[in-house]
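Okay, coords-v5.cif now, which holds mmCIF, C-alpha atoms and all ligand atoms:
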data_coords
loop_
_atom_site.label_atom_id
_atom_site.label_comp_id
_atom_site.auth_asym_id
_atom_site.auth_seq_id
_atom_site.Cartn_x
_atom_site.Cartn_y
_atom_site.Cartn_z
CA MET A 1 -51.79 -12.34 -19.56
CA SER A 2 -51.29 -9.18 -17.55
CA GLN A 3 -48.06 -8.54 -15.69
CA GLU A 4 -49.95 -8.58 -12.41
CA THR A 5 -50.64 -12.29 -12.86
CA GLU A 6 -47.41 -13.16 -14.54
CA TYR A 7 -45.38 -12.05 -11.52
CA LYS A 8 -45.79 -13.23 -7.95
CA LEU A 9 -44.31 -11.43 -5.01
CA CYS A 10 -43.34 -12.56 -1.51
CA SER A 11 -44.88 -10.91 1.54
CA ARG A 12 -41.85 -8.62 1.94
CA CYS A 13 -41.92 -7.39 -1.64
CA LEU A 14 -45.70 -6.97 -1.65
CA ALA A 15 -45.38 -4.77 1.43
CA ARG A 16 -42.50 -2.67 0.11
CA ILE A 17 -43.38 -2.40 -3.62
CA SER A 18 -47.08 -2.89 -4.31
CA ARG A 19 -50.02 -4.98 -3.10
CA LYS A 20 -51.31 -5.20 -6.69
CA PHE A 21 -49.51 -8.46 -7.32
CA THR A 22 -50.39 -12.03 -6.42
CA LYS A 23 -48.74 -13.39 -3.30
CA THR A 24 -46.46 -16.38 -3.75
CA ARG A 25 -47.72 -19.64 -2.39
CA GLU A 26 -45.57 -22.20 -0.63
CA ASN A 27 -42.91 -23.64 -2.98
CA GLU A 28 -43.17 -20.58 -5.21
CA LYS A 29 -40.39 -18.04 -5.65
CA CYS A 30 -40.77 -14.28 -5.49
CA SER A 31 -40.20 -12.70 -8.91
CA ILE A 32 -38.16 -9.82 -7.49
CA CYS A 33 -36.13 -11.27 -4.65
CA ASP A 34 -36.14 -15.03 -5.28
CA ASN A 35 -37.33 -15.30 -1.65
CA LEU A 36 -33.97 -14.05 -0.39
CA LEU A 37 -35.62 -11.24 1.57
CA LEU A 38 -37.53 -13.92 3.53
CA HIS A 39 -34.22 -15.49 4.63
CA GLU A 40 -32.12 -12.54 5.66
CA ASP A 41 -31.39 -14.19 9.00
CA LYS A 42 -29.59 -16.95 7.08
CA ILE A 43 -27.63 -14.44 4.98
CA TYR A 44 -26.59 -12.75 8.22
CA ARG A 45 -25.48 -16.16 9.60
CA MET A 46 -23.43 -16.76 6.49
CA ILE A 47 -21.66 -13.41 6.90
CA TYR A 48 -21.15 -13.97 10.61
CA ASN A 49 -19.71 -17.45 10.08
CA LYS A 50 -17.29 -16.28 7.37
CA ILE A 51 -15.98 -13.50 9.59
CA HIS A 52 -15.45 -15.90 12.46
CA LYS A 53 -14.05 -18.74 10.40
CA PHE A 54 -11.26 -16.50 9.08
CA GLY A 55 -10.91 -14.50 12.29
CA ILE A 56 -11.38 -11.19 10.48
CA GLU A 57 -11.02 -8.22 12.82
CA PHE A 58 -12.71 -4.92 11.98
CA ASP A 59 -14.70 -2.00 13.32
CA THR A 60 -16.02 -0.39 10.13
CA PHE A 61 -17.64 -2.05 7.14
CA HIS A 62 -19.82 -1.56 4.14
CA ILE A 63 -21.86 -4.03 2.08
CA ALA A 64 -21.77 -4.41 -1.68
CA CYS A 65 -24.32 -6.50 -3.55
CA GLN A 66 -24.15 -7.92 -7.04
CA VAL A 67 -27.02 -9.66 -8.83
CA SER A 68 -25.97 -11.62 -11.91
CA TYR A 69 -29.39 -13.15 -12.45
CA ASP A 70 -30.97 -11.62 -15.54
CA GLU A 71 -34.54 -12.78 -14.87
CA LEU A 72 -34.54 -11.13 -11.44
CA ASN A 73 -33.08 -7.88 -12.72
CA ARG A 74 -35.53 -7.75 -15.62
CA ALA A 75 -38.60 -8.59 -13.51
CA GLU A 76 -37.68 -5.96 -10.95
CA LYS A 77 -37.44 -3.28 -13.63
CA ILE A 78 -40.77 -4.24 -15.22
CA ILE A 79 -42.58 -4.47 -11.88
CA HIS A 80 -41.25 -1.12 -10.67
CA LYS A 81 -42.33 0.48 -13.92
CA SER A 82 -45.78 -1.13 -14.04
CA VAL A 83 -46.76 0.23 -10.62
CA ASN A 84 -44.83 3.48 -11.09
CA TYR A 85 -42.81 2.67 -8.00
CA GLN A 86 -41.34 5.88 -6.57
CA GLY A 87 -39.18 4.46 -3.80
CA ASN A 88 -35.57 3.59 -4.44
CA ASN A 89 -35.24 0.27 -2.66
CA GLY A 90 -34.28 -2.22 -5.29
CA LEU A 91 -33.40 -5.72 -4.13
CA LYS A 92 -29.71 -4.89 -3.80
CA LYS A 93 -30.35 -1.78 -1.77
CA GLN A 94 -32.90 -3.52 0.46
CA LEU A 95 -30.48 -6.37 1.21
CA ARG A 96 -27.66 -3.95 1.96
CA LYS A 97 -29.86 -1.86 4.21
CA ASP A 98 -31.30 -4.77 6.18
CA LEU A 99 -28.05 -6.66 6.60
CA SER A 100 -26.09 -3.53 7.49
CA ALA A 101 -28.61 -2.84 10.25
CA MET A 102 -28.24 -6.42 11.53
CA ILE A 103 -24.44 -6.20 11.58
CA VAL A 104 -24.55 -2.84 13.37
CA GLU A 105 -27.01 -4.14 15.94
CA LYS A 106 -25.84 -7.70 16.53
CA MET A 107 -22.09 -7.33 16.02
CA GLY A 108 -21.65 -3.75 17.21
CA LYS A 109 -19.84 -2.66 14.03
CA THR A 110 -19.98 0.76 12.34
CA LEU A 111 -21.17 1.44 8.81
CA ASP A 112 -18.64 3.47 6.80
CA TYR A 113 -19.09 4.12 3.08
CA LYS A 114 -15.99 6.21 2.57
CA ASN A 115 -13.19 4.25 4.15
CA PRO A 116 -14.40 0.92 5.53
CA GLU A 117 -11.94 -1.61 6.93
CA VAL A 118 -13.99 -4.42 5.49
CA ILE A 119 -16.24 -4.78 2.44
CA ILE A 120 -18.83 -7.55 2.60
CA ASN A 121 -19.73 -8.67 -0.91
CA ILE A 122 -23.04 -10.43 -1.44
CA LYS A 123 -23.28 -12.22 -4.77
CA ILE A 124 -26.49 -13.59 -6.23
CA ARG A 125 -26.80 -15.72 -9.35
CA LYS A 126 -29.24 -18.16 -10.88
CA LYS A 127 -27.24 -21.36 -10.37
CA PRO A 128 -26.72 -22.61 -6.81
CA TYR A 129 -23.24 -22.28 -5.32
CA PRO A 130 -21.67 -25.59 -4.19
CA HIS A 131 -21.30 -26.43 -0.48
CA THR A 132 -23.81 -23.89 0.72
CA PRO A 133 -25.11 -24.44 4.26
CA TYR A 134 -28.62 -23.10 3.59
CA PRO A 135 -30.70 -24.59 0.72
CA GLU A 136 -33.09 -21.59 0.78
CA ILE A 137 -30.31 -19.21 -0.25
CA ALA A 138 -28.15 -21.63 -2.25
CA ASN A 139 -27.73 -19.14 -5.11
CA LEU A 140 -26.25 -16.50 -2.80
CA THR A 141 -22.70 -16.34 -1.53
CA VAL A 142 -20.61 -13.98 0.55
CA PHE A 143 -17.03 -12.78 0.06
CA ILE A 144 -15.23 -10.67 2.62
CA ASP A 145 -12.70 -8.20 1.31
CA THR A 146 -10.45 -6.31 3.69
CA ASN A 147 -8.91 -2.96 2.88
CA PRO A 148 -5.14 -2.56 3.34
CA LEU A 149 -3.56 -1.68 6.65
CA PHE A 150 -0.94 1.11 6.71
CA ILE A 151 1.80 1.52 9.29
CA GLU A 152 4.23 4.44 9.24
CA GLY A 153 7.69 4.36 10.81
CA ARG A 154 11.36 5.17 10.28
CA TYR A 155 14.08 2.69 9.43
CA ARG A 156 17.81 2.80 9.96
CA LYS A 157 20.02 0.64 7.77
CA LEU A 158 23.18 -0.19 9.64
CA VAL A 159 24.99 -2.46 7.16
CA ARG A 160 25.76 -2.02 3.45
CA GLY A 161 24.49 -4.40 0.80
CA ILE A 162 20.77 -4.46 1.59
CA PRO A 163 18.32 -2.89 -0.86
CA GLN A 164 15.19 -1.18 0.43
CA THR A 165 12.75 -3.32 -1.51
CA LYS A 166 12.63 -6.60 -3.40
CA TRP A 167 14.89 -6.79 -6.40
CA PRO A 168 14.31 -9.55 -8.93
CA CYS A 169 17.31 -11.72 -9.87
CA THR A 170 19.02 -10.21 -12.91
CA HIS A 171 19.52 -13.65 -14.50
CA CYS A 172 16.02 -15.09 -14.27
CA LYS A 173 14.00 -11.88 -13.71
CA GLY A 174 12.31 -13.40 -10.69
CA LYS A 175 11.44 -16.88 -11.94
CA GLY A 176 14.08 -18.60 -9.86
CA CYS A 177 17.39 -20.05 -11.11
CA ASP A 178 20.69 -21.47 -9.81
CA CYS A 179 22.19 -17.98 -9.38
CA CYS A 180 19.52 -17.02 -6.87
CA ASP A 181 19.01 -20.45 -5.27
CA GLY A 182 15.57 -20.55 -6.80
CA THR A 183 14.36 -17.52 -4.82
CA GLY A 184 14.02 -15.23 -7.84
CA GLN A 185 15.59 -12.47 -5.74
CA GLN A 186 18.95 -10.78 -6.33
CA TYR A 187 19.38 -10.05 -2.63
CA ARG A 188 18.44 -12.43 0.14
CA GLU A 189 17.51 -9.63 2.51
CA THR A 190 15.74 -6.32 2.00
CA VAL A 191 14.52 -3.68 4.43
CA GLU A 192 11.00 -4.48 3.23
CA GLY A 193 11.51 -8.21 3.82
CA LEU A 194 13.11 -7.88 7.25
CA ILE A 195 10.01 -5.98 8.43
CA GLY A 196 7.45 -7.81 6.31
CA LYS A 197 8.35 -11.31 7.41
CA HIS A 198 7.21 -10.47 10.94
CA LEU A 199 4.37 -8.09 10.10
CA LEU A 200 2.66 -10.32 7.51
CA PRO A 201 1.91 -13.22 9.88
CA MET A 202 0.91 -10.81 12.67
CA ALA A 203 -1.65 -9.16 10.37
CA LYS A 204 -2.58 -12.48 8.72
CA GLY A 205 -2.25 -10.61 5.44
CA LYS A 206 -1.57 -11.75 1.88
CA GLN A 207 1.16 -9.38 0.74
CA ILE A 208 3.40 -6.52 1.85
CA LYS A 209 4.06 -3.32 -0.07
CA PHE A 210 6.76 -0.94 1.04
CA HIS A 211 6.64 2.82 0.39
CA GLY A 212 9.82 4.71 1.34
CA SER A 213 10.34 8.45 1.43
CA GLY A 214 12.96 8.05 -1.29
CA ARG A 215 15.57 5.31 -1.12
CA GLU A 216 19.30 5.04 -0.59
CA ASP A 217 21.52 2.92 -2.79
CA ILE A 218 22.28 -0.64 -1.68
CA ASP A 219 25.80 0.33 -0.54
CA VAL A 220 24.62 3.38 1.44
CA LEU A 221 23.82 3.38 5.16
CA MET A 222 20.73 5.07 6.55
CA LEU A 223 21.72 6.54 9.91
CA GLY A 224 20.44 9.27 12.25
CA ASP A 225 16.79 8.86 13.17
CA GLY A 226 16.11 6.95 9.98
CA ARG A 227 14.11 7.25 6.77
CA PRO A 228 10.32 7.57 6.93
CA PHE A 229 8.33 4.76 5.34
CA VAL A 230 4.80 3.44 5.14
CA ILE A 231 4.37 -0.31 4.99
CA GLU A 232 1.14 -1.62 3.56
CA VAL A 233 -0.41 -5.00 4.34
CA LYS A 234 -2.82 -6.20 1.68
CA HIS A 235 -5.88 -8.21 2.73
CA PRO A 236 -5.15 -8.21 6.47
CA PHE A 237 -7.45 -10.23 8.73
CA VAL A 238 -5.98 -8.70 11.87
CA ARG A 239 -5.66 -4.92 12.32
CA SER A 240 -4.94 -4.53 16.02
CA ILE A 241 -1.21 -5.15 15.68
CA ASP A 242 0.85 -4.52 18.80
CA LEU A 243 3.28 -2.01 17.30
CA LYS A 244 5.63 -2.12 20.29
CA LEU A 245 5.90 -5.87 19.87
CA LEU A 246 6.40 -5.54 16.10
CA ARG A 247 9.25 -3.07 16.65
CA ARG A 248 10.86 -5.30 19.26
CA VAL A 249 10.59 -8.44 17.14
CA VAL A 250 11.91 -6.81 13.95
CA ASN A 251 14.79 -5.12 15.75
CA SER A 252 15.87 -8.18 17.70
CA HIS A 253 15.64 -10.54 14.69
CA SER A 254 17.45 -8.27 12.24
CA GLU A 255 20.84 -8.87 13.92
CA GLY A 256 21.83 -5.21 13.79
CA LYS A 257 21.20 -4.91 10.05
CA ILE A 258 18.18 -2.65 10.32
CA GLU A 259 16.26 -0.96 13.10
CA ILE A 260 12.74 0.47 13.00
CA ASN A 261 11.23 3.13 15.27
CA ASP A 262 8.28 5.51 15.76
CA LEU A 263 5.65 3.09 14.42
CA LYS A 264 2.07 4.31 14.13
CA PHE A 265 -1.10 3.48 12.20
CA VAL A 266 -1.91 5.87 9.35
CA ASP A 267 -4.49 6.01 6.57
CA ASN A 268 -3.84 5.50 2.88
CA SER A 269 -3.36 9.21 2.10
CA ARG A 270 -0.06 9.09 4.01
CA ARG A 271 1.30 6.53 1.56
CA SER A 272 1.54 9.07 -1.24
CA SER A 273 2.43 12.09 0.90
CA ILE A 274 5.44 10.24 2.26
CA LYS A 275 6.71 9.46 -1.24
CA ASN A 276 6.38 12.93 -2.72
CA SER A 277 9.26 15.15 -1.74
CA SER A 278 8.06 18.65 -0.97
CA VAL A 279 9.79 22.00 -0.63
CA GLU A 280 9.97 21.52 3.12
CA SER A 281 11.89 18.24 2.91
CA TYR A 282 15.68 18.09 3.03
CA LYS A 283 18.39 15.49 3.47
CA VAL A 284 21.78 15.36 5.14
CA TYR A 285 24.53 13.12 3.78
CA SER A 286 28.03 12.17 4.87
CA ALA A 287 30.15 11.39 1.80
CA VAL A 288 33.81 10.42 1.48
CA ALA A 289 35.38 11.88 -1.68
CA GLU A 290 38.69 10.51 -2.94
CA PHE A 291 40.66 12.69 -5.37
CA GLU A 292 43.18 11.87 -8.04
CA ASN A 293 45.56 14.60 -6.82
CA GLY A 294 46.15 16.40 -3.53
CA VAL A 295 43.47 18.85 -2.41
CA THR A 296 44.38 22.46 -1.55
CA SER A 297 42.64 24.65 1.03
CA ASN A 298 41.42 26.76 -1.89
CA ASP A 299 39.71 23.65 -3.28
CA VAL A 300 38.06 23.05 0.08
CA ARG A 301 36.72 26.61 0.10
CA ARG A 302 35.31 26.16 -3.42
CA ILE A 303 33.62 22.88 -2.48
CA GLU A 304 32.01 24.51 0.56
CA GLN A 305 30.53 27.16 -1.70
CA LEU A 306 28.70 24.71 -4.01
CA ASN A 307 25.10 25.86 -4.16
CA ILE A 308 22.86 25.24 -7.19
CA ILE A 309 23.48 22.00 -9.07
CA GLU A 310 22.07 21.08 -12.48
CA GLN A 311 21.89 17.33 -12.85
CA ARG A 312 21.05 15.30 -15.87
CA THR A 313 19.71 11.83 -15.01
CA PRO A 314 22.82 9.83 -13.99
CA ILE A 315 24.25 7.26 -16.38
CA ARG A 316 23.86 4.50 -13.77
CA VAL A 317 20.09 4.96 -13.48
CA SER A 318 19.36 6.13 -17.04
CA HIS A 319 18.09 2.69 -18.02
CA ARG A 320 15.13 3.00 -15.64
CA ARG A 321 14.57 6.76 -15.32
CA ALA A 322 13.61 9.38 -17.88
CA ASP A 323 16.52 11.45 -19.15
CA LYS A 324 15.99 15.01 -17.93
CA ILE A 325 17.83 17.86 -16.28
CA ARG A 326 16.84 18.96 -12.81
CA THR A 327 18.05 21.67 -10.51
CA ARG A 328 18.74 20.94 -6.85
CA LYS A 329 19.95 23.22 -4.08
CA ILE A 330 22.68 22.57 -1.51
CA PHE A 331 21.79 24.41 1.71
CA ASN A 332 25.04 23.72 3.52
CA LEU A 333 28.27 21.85 2.85
CA ASP A 334 30.98 21.26 5.45
CA VAL A 335 34.32 19.67 4.62
CA GLU A 336 36.50 17.62 6.99
CA ARG A 337 39.92 16.64 5.76
CA ILE A 338 40.75 12.94 6.18
CA ASN A 339 44.10 13.13 4.34
CA SER A 340 45.59 15.05 1.41
CA ARG A 341 43.48 13.23 -1.20
CA LYS A 342 40.48 12.30 0.89
CA LEU A 343 37.70 14.54 2.26
CA ARG A 344 34.53 13.92 4.19
CA LEU A 345 31.66 16.11 2.97
CA ILE A 346 28.63 16.76 5.18
CA ILE A 347 25.96 17.89 2.72
CA THR A 348 22.54 19.34 3.60
CA CYS A 349 20.45 19.54 0.43
CA GLU A 350 17.10 19.26 -1.25
CA GLY A 351 15.77 15.75 -1.73
CA GLY A 352 16.61 14.26 -5.12
CA LEU A 353 20.22 15.47 -5.42
CA TYR A 354 22.42 12.62 -6.62
CA ILE A 355 25.44 12.74 -4.30
CA LYS A 356 27.75 10.30 -6.10
CA GLU A 357 27.32 12.35 -9.28
CA LEU A 358 27.70 15.65 -7.41
CA ILE A 359 31.20 14.42 -6.52
CA SER A 360 32.26 12.71 -9.78
CA GLY A 361 30.50 15.08 -12.19
CA ASP A 362 29.13 12.04 -14.07
CA GLU A 363 31.05 12.88 -17.27
CA GLY A 364 29.74 16.43 -17.34
CA ARG A 365 26.13 15.56 -16.57
CA SER A 366 26.25 17.18 -13.09
CA ILE A 367 27.23 20.87 -13.24
CA PRO A 368 29.03 22.14 -11.26
CA SER A 369 30.52 19.17 -9.41
CA VAL A 370 33.23 18.62 -6.81
CA SER A 371 35.48 17.31 -9.62
CA SER A 372 34.79 20.20 -11.99
CA ILE A 373 35.30 23.10 -9.56
CA THR A 374 38.58 21.64 -8.25
CA ASP A 375 39.69 20.42 -11.68
CA ASN A 376 40.62 17.20 -9.88
CA ASN A 377 38.80 13.92 -10.55
CA ALA A 378 37.00 12.73 -7.46
CA VAL A 379 34.85 9.71 -6.68
CA CYS A 380 32.53 9.00 -3.80
CA THR A 381 33.91 5.96 -1.98
CA GLN A 382 31.49 5.90 0.92
CA LEU A 383 28.08 7.40 1.47
CA ASP A 384 25.75 7.51 4.45
CA VAL A 385 22.44 9.28 4.89
CA LEU A 386 22.35 11.12 8.22
CA LYS A 387 18.87 12.62 8.02
CA VAL A 388 15.73 12.51 5.91
CA HIS A 389 13.41 15.31 6.91
CA ILE A 390 9.83 15.33 5.63
CA PRO A 391 6.84 17.44 6.71
CA GLU A 392 4.70 15.83 9.41
ZN ZN B 1 -39.60 -10.87 -2.53
ZN ZN B 2 17.57 -16.16 -10.57
#
As structure tokens, please, write out the structure in this file.
Ligand SMILES: [Zn+2]
Ligand SMILES: [Zn+2]
Amino acid sequence: MSQETEYKLCSRCLARISRKFTKTRENEKCSICDNLLLHEDKIYRMIYNKIHKFGIEFDTFHIACQVSYDELNRAEKIIHKSVNYQGNNGLKKQLRKDLSAMIVEKMGKTLDYKNPEVIINIKIRKKPYPHTPYPEIANLTVFIDTNPLFIEGRYRKLVRGIPQTKWPCTHCKGKGCDCCDGTGQQYRETVEGLIGKHLLPMAKGKQIKFHGSGREDIDVLMLGDGRPFVIEVKHPFVRSIDLKLLRRVVNSHSEGKIEINDLKFVDNSRRSSIKNSSVESYKVYSAVAEFENGVTSNDVRRIEQLNIIEQRTPIRVSHRRADKIRTRKIFNLDVERINSRKLRLIITCEGGLYIKELISGDEGRSIPSVSSITDNNAVCTQLDVLKVHIPE
């Protein structure tokens, strides 16, 4: 039996591939497309209904198509080869092309291959899917995937004791135990959570991910105009968030603990650029240093001249960071005397300088340090960040 009689094609496939094959009769299935190309209006309906059922908002989209139906894939290959088909419209491509055109025309959306807000996945298999509304396309289903939404802003942290991001309970490692009231979290509130709990329902998303331009310790305030961050919403159904409303809601519900400002939508490239400190970025800190012995005016002069600091990874973070030595520059250091054993240091420096260790010396791991140049043990008893500058 020749291939021309073995395979039967629907009117669509005959027209687009080759007229050499027998046309399917009623109740027969096309060897290439399983008659799906005859029911594209129903596939479109299925996509449309899914989008509306979940209330998915988007402007740009792209369609992906997956055929896990060996007989179809094999027949298509053989048929293309037997007629030396030169076009490049396989079933998947034809479906994507036709349905994209329908979505553009009927829904007014824009096709975008590079950075679509939504990816419409068409899946085809041999076995019918359960609960399908159209018997003619029972072995086809549609999944809608939404790309993450990114919002940039700046946060101020006005009370101590709140970490920037989620921190699993040290006893149960996040599973939930008596120590953490079953939450799995070491701290009830985080900067991430105070923003996320309002943003997530607004965006009808699944999960929040927080990307800060560095982070301050839990006991450190973030003052001035705040620290830049990008907050990511995974699988959002709504993208047109009212950022003024988000800011107002977060700020009024945070009871003065945090404040967010300068919110704007950004694309995913900003997520990494905000995290990487560059040569143009610098930070300003206000640190209180308490000394073992009285501080002389000569000591103050020496402290103000601190410039290049070599820091080995601090003992307190060595369990989670690689042990290495890095060099950081202090651009300016001003000293205000609080009393004979207590100074306030206003430090303008490169990002990445550990301030607590700059003061204590961290058992010789930070060289020089406030302790070493004054030969007087000092500890940082209070630290605030006054400015985090990053390139726009
Ligand atoms: Zn066909
Ligand atoms: Zn726990």
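With all atoms listed in the file as the atoms that count, the minimum distance from Glu304 in chain A to the choices A:Phe331, A:Tyr282, A:Tyr85, A:Phe54 is reached by A:Phe331.
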> Smallest atom-to-atom distance to ligand ZN 2 (chain B): which of A:Gln311, A:Thr170, A:Ser286, A:Thr374, using only C-alpha atoms and all ligand atoms?
Replying inline: A:Thr170
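Distances to ligand ZN 1 (chain B) were evaluated for A:Leu91, A:Ile79, A:Ile120, A:Ile51 using all atoms listed in the file, and the minimum falls at A:Leu91.
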>> Can you pull out every residue with an atom within 10 Å of ligand ZN 1 (chain B)? Use only C-alpha atoms and all ligand atoms and format it as a PyMOL selection string.
In response: chain A and resi 8-17+23-24+29-38+76+91
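CA of Gly214 in chain A to CA of His389 in chain A spans 11.0 Å [interatomic distance, one decimal].
Between CA of Leu343 in chain A and CA of Val288 in chain A lies a distance of 5.7 Å.
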>> What's the separation between CA of Arg328 in chain A and CA of Met222 in chain A, in Å to one decimal place?
In response: 20.9 Å
> Taking only C-alpha atoms into account, which of A:Asp59, A:Arg341, A:Val388, A:Glu136 comes nearest Gly226 in chain A?
Replying inline: A:Val388
Enumerate, in order of chain and increasing residue number, the residues of chain A with an atom no farther than 6 Å from ligand ZN 2 (chain B), each with its shortest atom pair and distance in Å to one decimal, counting only C-alpha atoms and all ligand atoms, as a tab-separated table.
residue	atom	partner	partner_atom	distance
A:Cys169	CA	B:ZN2	ZN	4.5
A:His171	CA	B:ZN2	ZN	5.1
A:Cys172	CA	B:ZN2	ZN	4.2
A:Gly174	CA	B:ZN2	ZN	5.9
A:Gly176	CA	B:ZN2	ZN	4.3
A:Cys177	CA	B:ZN2	ZN	3.9
A:Cys179	CA	B:ZN2	ZN	5.1
A:Cys180	CA	B:ZN2	ZN	4.3
A:Gly184	CA	B:ZN2	ZN	4.6
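Distances to Glu71 in chain A were evaluated for A:Arg188, A:His235, A:Arg125, A:Lys97 using all atoms listed in the file, and the minimum falls at A:Arg125.
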> A:Lys50, A:Lys93, A:Arg19, A:Lys126: which is nearest Tyr69 in chain A, counting all atoms listed in the file?
Replying inline: A:Lys126
Start from the incomplete input, build N, CA and C atoms for range 314-336 of chain A, and deliver everything as a PDB file, keeping the file's coordinate frame.
ATOM      1  N   PRO A 314      21.530  10.520 -13.975  1.00  0.00           N
ATOM      2  CA  PRO A 314      22.820   9.830 -13.990  1.00  0.00           C
ATOM      3  C   PRO A 314      22.866   8.633 -14.934  1.00  0.00           C
ATOM      4  N   ILE A 315      24.055   8.392 -15.471  1.00  0.00           N
ATOM      5  CA  ILE A 315      24.250   7.260 -16.380  1.00  0.00           C
ATOM      6  C   ILE A 315      23.804   5.960 -15.721  1.00  0.00           C
ATOM      7  N   ARG A 316      24.130   5.805 -14.409  1.00  0.00           N
ATOM      8  CA  ARG A 316      23.860   4.500 -13.770  1.00  0.00           C
ATOM      9  C   ARG A 316      22.369   4.223 -13.561  1.00  0.00           C
ATOM     10  N   VAL A 317      21.524   5.250 -13.613  1.00  0.00           N
ATOM     11  CA  VAL A 317      20.090   4.960 -13.480  1.00  0.00           C
ATOM     12  C   VAL A 317      19.313   5.260 -14.763  1.00  0.00           C
ATOM     13  N   SER A 318      20.051   5.674 -15.830  1.00  0.00           N
ATOM     14  CA  SER A 318      19.360   6.130 -17.040  1.00  0.00           C
ATOM     15  C   SER A 318      18.539   5.031 -17.716  1.00  0.00           C
ATOM     16  N   HIS A 319      18.861   3.757 -17.403  1.00  0.00           N
ATOM     17  CA  HIS A 319      18.090   2.690 -18.020  1.00  0.00           C
ATOM     18  C   HIS A 319      16.677   2.567 -17.433  1.00  0.00           C
ATOM     19  N   ARG A 320      16.476   3.139 -16.234  1.00  0.00           N
ATOM     20  CA  ARG A 320      15.130   3.000 -15.640  1.00  0.00           C
ATOM     21  C   ARG A 320      14.467   4.336 -15.344  1.00  0.00           C
ATOM     22  N   ARG A 321      15.175   5.451 -15.569  1.00  0.00           N
ATOM     23  CA  ARG A 321      14.570   6.760 -15.320  1.00  0.00           C
ATOM     24  C   ARG A 321      14.630   7.614 -16.572  1.00  0.00           C
ATOM     25  N   ALA A 322      13.639   8.491 -16.722  1.00  0.00           N
ATOM     26  CA  ALA A 322      13.610   9.380 -17.880  1.00  0.00           C
ATOM     27  C   ALA A 322      14.830  10.304 -17.854  1.00  0.00           C
ATOM     28  N   ASP A 323      15.352  10.574 -19.036  1.00  0.00           N
ATOM     29  CA  ASP A 323      16.520  11.450 -19.150  1.00  0.00           C
ATOM     30  C   ASP A 323      16.043  12.897 -19.119  1.00  0.00           C
ATOM     31  N   LYS A 324      16.364  13.598 -18.010  1.00  0.00           N
ATOM     32  CA  LYS A 324      15.990  15.010 -17.930  1.00  0.00           C
ATOM     33  C   LYS A 324      16.985  15.743 -17.045  1.00  0.00           C
ATOM     34  N   ILE A 325      16.923  17.065 -17.112  1.00  0.00           N
ATOM     35  CA  ILE A 325      17.830  17.860 -16.280  1.00  0.00           C
ATOM     36  C   ILE A 325      17.026  18.453 -15.135  1.00  0.00           C
ATOM     37  N   ARG A 326      17.532  18.321 -13.917  1.00  0.00           N
ATOM     38  CA  ARG A 326      16.840  18.960 -12.810  1.00  0.00           C
ATOM     39  C   ARG A 326      17.807  19.772 -11.959  1.00  0.00           C
ATOM     40  N   THR A 327      17.246  20.759 -11.295  1.00  0.00           N
ATOM     41  CA  THR A 327      18.050  21.670 -10.510  1.00  0.00           C
ATOM     42  C   THR A 327      17.813  21.384  -9.033  1.00  0.00           C
ATOM     43  N   ARG A 328      18.887  21.193  -8.286  1.00  0.00           N
ATOM     44  CA  ARG A 328      18.740  20.940  -6.850  1.00  0.00           C
ATOM     45  C   ARG A 328      19.671  21.867  -6.078  1.00  0.00           C
ATOM     46  N   LYS A 329      19.222  22.232  -4.872  1.00  0.00           N
ATOM     47  CA  LYS A 329      19.950  23.220  -4.080  1.00  0.00           C
ATOM     48  C   LYS A 329      20.698  22.534  -2.939  1.00  0.00           C
ATOM     49  N   ILE A 330      21.936  22.990  -2.702  1.00  0.00           N
ATOM     50  CA  ILE A 330      22.680  22.570  -1.510  1.00  0.00           C
ATOM     51  C   ILE A 330      22.518  23.694  -0.485  1.00  0.00           C
ATOM     52  N   PHE A 331      22.007  23.379   0.677  1.00  0.00           N
ATOM     53  CA  PHE A 331      21.790  24.410   1.710  1.00  0.00           C
ATOM     54  C   PHE A 331      23.063  24.654   2.514  1.00  0.00           C
ATOM     55  N   ASN A 332      23.810  23.579   2.735  1.00  0.00           N
ATOM     56  CA  ASN A 332      25.040  23.720   3.520  1.00  0.00           C
ATOM     57  C   ASN A 332      25.989  22.589   3.160  1.00  0.00           C
ATOM     58  N   LEU A 333      27.288  22.894   3.123  1.00  0.00           N
ATOM     59  CA  LEU A 333      28.270  21.850   2.850  1.00  0.00           C
ATOM     60  C   LEU A 333      29.502  22.095   3.715  1.00  0.00           C
ATOM     61  N   ASP A 334      29.799  21.158   4.595  1.00  0.00           N
ATOM     62  CA  ASP A 334      30.980  21.260   5.450  1.00  0.00           C
ATOM     63  C   ASP A 334      31.996  20.208   5.042  1.00  0.00           C
ATOM     64  N   VAL A 335      33.260  20.597   5.037  1.00  0.00           N
ATOM     65  CA  VAL A 335      34.320  19.670   4.620  1.00  0.00           C
ATOM     66  C   VAL A 335      35.223  19.338   5.811  1.00  0.00           C
ATOM     67  N   GLU A 336      35.490  18.042   6.004  1.00  0.00           N
ATOM     68  CA  GLU A 336      36.500  17.620   6.990  1.00  0.00           C
ATOM     69  C   GLU A 336      37.590  16.913   6.195  1.00  0.00           C
TER      70      GLU A 336
END
